[in-house]
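**Q** Once you've had a glance at the structure underneath, I'll fire off some questions.
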Amino acid sequence: KSPHIRLGNALRIDWNEVLPAGECSYVLGNPPFVGKKARNTDQQKDMQTVLGAGNERSVLDYVCCWYVKAGAYSQEHGVDFAFVSTNSISQGEQPGELWPLIRKVCSHSIRFAYRTFSWDSEARGKAHVHVVIIGLSKKSGGKYIYETDRDGRVTRVSASSINGYLVDASEVLLESRSS
């Protein structure tokens, strides 16, 4: 009925106290881009709180906490969610760690994915990062992969299943191994 702002650490508050999931249509955002080596002690504690013991030092980027938190928040009511994230969460060993954590808290699947694109900031100091946008939903229906071609045109391709690597393929994930 009226806007309100809740000041606090989004990973440490109960989202249902801010907005009950039953009253929410979707969650979207641009969580902090902090990689494994750049996390501070508080961020490592956040990761342990959200992802579980032992995960505070994992290979996952800090942004992964928002996917797991949103999945838990939205599971019961089927709230869709999407985040702008560093592209590293869809490459290498991160998908193999991230998606099992998401699957523990929700049954959402990737509904759309915008593959890696360069995001230039207009702010002073001009941050230049490569990002993806991943949207998850419990709803059935069309799944789409978006991509920007060399000429800057955005293309949209229908997909039957989008996995953690943001390709149209089954949900196969590579797990970390020592050899």
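Identifiers in the structure tokens: chain A, B, ... in order shown; residue index from 1 per chain; ligand index from 1 in order shown.
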With a cut-off of 12 Å, could you pull out the residues of segment 90-150 of chain A touching segment 45-55 of chain A and give me the nearest pair of atoms for each, distance in Å to one decimal, using only C-alpha atoms, ordered by chain and ascending number, as CSV?
**A**
```
residue,atom,partner,partner_atom,distance
A:Glu97,CA,A:Asn55,CA,9.5
A:Leu98,CA,A:Leu51,CA,9.3
A:Trp99,CA,A:Leu51,CA,11.4
A:Pro100,CA,A:Leu51,CA,10.6
A:Leu101,CA,A:Leu51,CA,7.0
A:Ile102,CA,A:Leu51,CA,9.1
A:Arg103,CA,A:Leu51,CA,11.8
A:Lys104,CA,A:Leu51,CA,10.0
A:Val105,CA,A:Leu51,CA,10.1
```
**Q** Please produce a file of the residues just selected, as a short mmCIF file (atom, residue, chain, number, x, y, z; two decimals), in the first residue's frame, where the atoms kept are N, CA, C and O atoms.
**A**
```cif
data_model
loop_
_atom_site.label_atom_id
_atom_site.label_comp_id
_atom_site.auth_asym_id
_atom_site.auth_seq_id
_atom_site.Cartn_x
_atom_site.Cartn_y
_atom_site.Cartn_z
N GLU A 97 28.65 -26.62 -7.73
CA GLU A 97 28.42 -26.38 -6.31
C GLU A 97 27.12 -25.60 -6.06
O GLU A 97 26.41 -25.86 -5.11
N LEU A 98 26.82 -24.64 -6.93
CA LEU A 98 25.66 -23.78 -6.72
C LEU A 98 24.34 -24.52 -6.89
O LEU A 98 23.45 -24.42 -6.03
N TRP A 99 24.15 -25.23 -7.99
CA TRP A 99 22.83 -25.79 -8.29
C TRP A 99 22.39 -26.87 -7.32
O TRP A 99 21.21 -26.92 -6.97
N PRO A 100 23.26 -27.71 -6.79
CA PRO A 100 22.81 -28.63 -5.74
C PRO A 100 22.31 -27.89 -4.49
O PRO A 100 21.35 -28.33 -3.85
N LEU A 101 22.92 -26.75 -4.16
CA LEU A 101 22.45 -25.96 -3.02
C LEU A 101 21.07 -25.37 -3.30
O LEU A 101 20.20 -25.34 -2.43
N ILE A 102 20.86 -24.89 -4.52
CA ILE A 102 19.55 -24.35 -4.89
C ILE A 102 18.51 -25.46 -4.86
O ILE A 102 17.41 -25.28 -4.34
N ARG A 103 18.85 -26.63 -5.38
CA ARG A 103 17.91 -27.75 -5.42
C ARG A 103 17.50 -28.21 -4.02
O ARG A 103 16.42 -28.77 -3.85
N LYS A 104 18.35 -27.99 -3.02
CA LYS A 104 17.99 -28.37 -1.64
C LYS A 104 16.85 -27.53 -1.09
O LYS A 104 16.13 -27.96 -0.22
N VAL A 105 16.71 -26.30 -1.59
CA VAL A 105 15.72 -25.38 -1.02
C VAL A 105 14.53 -25.11 -1.93
O VAL A 105 13.51 -24.61 -1.47
#
```
**Q** Can you list, as a list in words, every residue of segment 38-126 of chain A that DSSP puts in strand (DSSP E)?
**A** Asp80, Phe81, Ala82, Phe83, Val84, Ser85, Thr86, Ser109, Ile110, Arg111, Phe112, Ala113, Tyr114, Arg115, Thr116, Phe117, Ser118, Trp119 and Asp120 of chain A
**Q** For the selection just defined, write its residues with N, CA, C and O atoms to a file, as a compact mmCIF listing (two decimals), in the first residue's frame.
**A**
```txt
# COMPACT_ATOMS: atom_id res chain seq x y z
N ASP A 80 8.63 -16.24 -8.60
CA ASP A 80 9.73 -16.23 -9.57
C ASP A 80 10.82 -15.29 -9.07
O ASP A 80 10.54 -14.31 -8.37
N PHE A 81 12.08 -15.57 -9.44
CA PHE A 81 13.15 -14.66 -9.07
C PHE A 81 14.23 -14.64 -10.14
O PHE A 81 14.39 -15.60 -10.89
N ALA A 82 14.93 -13.51 -10.23
CA ALA A 82 15.99 -13.33 -11.21
C ALA A 82 17.02 -12.36 -10.68
O ALA A 82 16.67 -11.41 -9.96
N PHE A 83 18.27 -12.62 -11.00
CA PHE A 83 19.36 -11.75 -10.55
C PHE A 83 20.37 -11.51 -11.66
O PHE A 83 20.64 -12.40 -12.48
N VAL A 84 20.93 -10.31 -11.65
CA VAL A 84 22.10 -10.01 -12.45
C VAL A 84 23.28 -10.50 -11.62
O VAL A 84 23.36 -10.21 -10.43
N SER A 85 24.16 -11.27 -12.22
CA SER A 85 25.25 -11.90 -11.48
C SER A 85 26.53 -11.88 -12.29
O SER A 85 26.48 -11.78 -13.52
N THR A 86 27.63 -12.05 -11.62
CA THR A 86 28.88 -12.22 -12.34
C THR A 86 28.78 -13.49 -13.17
O THR A 86 28.19 -14.47 -12.75
N SER A 109 13.20 -24.07 -11.79
CA SER A 109 14.16 -24.33 -12.86
C SER A 109 14.44 -23.00 -13.56
O SER A 109 13.71 -22.03 -13.40
N ILE A 110 15.50 -23.00 -14.33
CA ILE A 110 15.86 -21.77 -15.05
C ILE A 110 14.82 -21.56 -16.15
O ILE A 110 14.64 -22.39 -17.03
N ARG A 111 14.15 -20.43 -16.08
CA ARG A 111 13.12 -20.08 -17.07
C ARG A 111 13.71 -19.26 -18.20
O ARG A 111 13.32 -19.36 -19.34
N PHE A 112 14.68 -18.40 -17.84
CA PHE A 112 15.38 -17.64 -18.87
C PHE A 112 16.79 -17.36 -18.41
O PHE A 112 17.09 -17.31 -17.22
N ALA A 113 17.66 -17.20 -19.38
CA ALA A 113 19.06 -16.88 -19.09
C ALA A 113 19.56 -15.93 -20.17
O ALA A 113 19.34 -16.15 -21.36
N TYR A 114 20.18 -14.87 -19.71
CA TYR A 114 20.85 -13.96 -20.64
C TYR A 114 22.33 -14.26 -20.47
O TYR A 114 22.90 -14.01 -19.42
N ARG A 115 22.91 -14.85 -21.50
CA ARG A 115 24.31 -15.26 -21.42
C ARG A 115 25.24 -14.07 -21.27
O ARG A 115 24.85 -12.92 -21.43
N THR A 116 26.48 -14.35 -21.00
CA THR A 116 27.50 -13.35 -20.70
C THR A 116 27.46 -12.14 -21.62
O THR A 116 27.46 -12.26 -22.85
N PHE A 117 27.41 -10.97 -20.98
CA PHE A 117 27.55 -9.71 -21.71
C PHE A 117 28.32 -8.74 -20.83
O PHE A 117 28.38 -8.88 -19.61
N SER A 118 28.93 -7.78 -21.47
CA SER A 118 29.72 -6.77 -20.76
C SER A 118 28.80 -5.69 -20.23
O SER A 118 27.95 -5.18 -20.96
N TRP A 119 28.96 -5.38 -18.96
CA TRP A 119 28.14 -4.36 -18.32
C TRP A 119 29.05 -3.23 -17.89
O TRP A 119 29.85 -3.37 -16.98
N ASP A 120 28.93 -2.12 -18.56
CA ASP A 120 29.73 -0.95 -18.24
C ASP A 120 28.93 0.00 -17.36
O ASP A 120 27.78 0.30 -17.65
```
**Q** If you measure from atom CA of Val79 of chain A to atom CA of Ser2 of chain A, what distance in Å do you get, rounded to one decimal?
**A** 20.8 Å
**Q** List the spatial neighbours of segment 33-38 of chain A as a list in words - criterion: any atom at most 10 Å away, only C-alpha atoms, same-chain residues fewer than 4 positions off excluded.
**A**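 Final neighbour list, sorted by chain and number: Gln43, Gln44, Glu56, Arg57, Ser58, Val59, Leu60, Asp61, Tyr62, Val63, Cys64, Val84, Ser85, Thr86, Asn87, Ser88, Ile89, Val129 and Val131 of chain A.
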**Q** What does the distance from atom CA of Ala10 of chain A to atom CA of Trp66 of chain A come to in Å, to one decimal?
**A**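 Separation of atom CA of Ala10 of chain A and atom CA of Trp66 of chain A: 8.5 Å.
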**Q** Considering only C-alpha atoms, return as a PyMOL selection string whatever protein or nucleic-acid residues lie within 9 Å of Gln91 of chain A, sequence-local ones (same chain, fewer than 6 positions apart) excluded.
**A** chain A and resi 164-166
**Q** If I take atom CA of Ile162 of chain A and atom CA of Ile133 of chain A, how far is one from the other in Å, to one decimal?
**A** 12.7 Å
**Q** From the options A:Val154, A:Asn9, A:Val68, A:Glu147, which residue's atoms come nearest to Val132 of chain A, counting only C-alpha atoms?
**A**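 Selected residue with least distance to Val132 of chain A: A:Glu147.
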**Q** Looking at A:Glu122, A:Ser161, A:Thr155, A:Glu23, which one is nearest to Gly141 of chain A, with distances taken over only C-alpha atoms?
**A** A:Ser161
**Q** A:Val167, A:Val157, A:Ile145, A:Leu11: which is nearest Ala72 of chain A, counting only C-alpha atoms?
**A** A:Leu11
**Q** Could you pull out the helix (DSSP H, G or I) residues of segment 8-166 of chain A, going by DSSP on the backbone, and write them as a ChimeraX atom specification?
**A** /A:15-18,21-23,36-38,41-51,64-74,87-90,94-105
